[in-house]
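Peer 1: Before we start, here is the structure in question, set down as structure tokens.
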Amino acid sequence: MFITNFLLYLIGMMTIYAGIGTLFSYVGGVTLKTGGVFFVYLLLFSFIIWLYLGISQAMYILYDDPKAGIFPSIKNSFSLMNGHKGTLLGLFVLTGVGLILGALLFVVGAIVSLVVYEVSRLAFYRNLLQMKRQKEWHAKVNEANAF
């Protein structure tokens, strides 16, 4: 999905610029102005990561139900990811570390890391669906037992 790839690109570029900006602000001296700019940049960076984590499952929802539109799948992705963003963020950071190490050691390692990341995301999505279905099933069973 274009939005997911665009947000990943944006996150990567913002990370690079944050590193370069931090070096330049350290060399030039940290002032209130540079601290404010860094804080605004950090808020923007956090928002983009939150947005990426929210829409990360939309592609899989569209694969499962091609008749669902883009915006309903994004809405379903946000509701499905509610309470599970930290887990995917951990996977995202771990994959980033694996990508950096893979690129430093060997290009094939980075490719394998990307494949493992995509397979892990698919397994994560399947696990989220399974937990959702279990909750619905338990609710039905509890509702039936209440009578």
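FYI, nothing fancy with the structure tokens labels: chains A, B, ... in order, residues from 1 per chain, ligands from 1 as they appear.
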Pick out the residues sitting within 7 Å of Ser77 in chain A, and hand them over as a list of chain:residue names; count only C-alpha atoms, and ignore anything fewer than 2 positions along from it in its own chain.

Peer 2: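 Selected residues are A:Gly54, A:Ile55, A:Ser56, A:Gln57, A:Ala58, A:Ser73, A:Ile74, A:Lys75, A:Ser79, A:Leu80, A:Met81.
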
Peer 1: I need the alpha helix (DSSP H) residues of range 26-114 of chain A per DSSP on the backbone, written as a ChimeraX atom specification.

Peer 2: /A:26-28,32-55,58-64,70-81,85-105,107-114

Peer 1: If we count only C-alpha atoms and set the cut-off at 12 Å, which residues sit around Lys132 in chain A, ignoring sequence neighbours fewer than 4 positions away in its own chain? Please answer as a ChimeraX atom specification.

Peer 2: /A:76,79-82,125-128,136-139

Peer 1: For a test of reading the model, state the distance in Å between CA of Tyr60 in chain A and CA of Leu42 in chain A, rounded to one decimal.

Peer 2: 29.2 Å

Peer 1: Have a look at CA of Pro72 in chain A and CA of Gly90 in chain A and let me know their distance in Å, one decimal.

Peer 2: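 That distance, rounded to one decimal, is 26.0 Å.
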
Peer 1: As a list in words, please: the residues near range 94-107 of chain A (cut-off 8 Å, only C-alpha atoms, same-chain neighbours under 5 positions excluded).

Peer 2: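 Once the nearby chain positions are removed, what remains is Ser113, Leu114 and Tyr117 of chain A.
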
Peer 1: Next, write the just-selected residues to a file, as a JSON list (two decimals), in the first residue's frame, keeping N, CA and C atoms as the atom set.

Peer 2:
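Contents of the output file again.json:
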```
[["chain", "number", "residue", "atom", "x", "y", "z"],
["A", 113, "SER", "N", 16.08, -10.02, 6.50],
["A", 113, "SER", "CA", 15.41, -9.32, 7.59],
["A", 113, "SER", "C", 14.08, -8.73, 7.15],
["A", 114, "LEU", "N", 14.02, -8.18, 5.93],
["A", 114, "LEU", "CA", 12.76, -7.66, 5.41],
["A", 114, "LEU", "C", 11.73, -8.76, 5.23],
["A", 117, "TYR", "N", 10.48, -9.72, 8.59],
["A", 117, "TYR", "CA", 9.59, -8.67, 9.08],
["A", 117, "TYR", "C", 8.20, -8.80, 8.48]]
```

Peer 1: Work out how far CA of Glu118 in chain A is from CA of Met59 in chain A, in Å to one decimal.

Peer 2: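 Going from CA of Met59 in chain A over to CA of Glu118 in chain A covers 11.7 Å.
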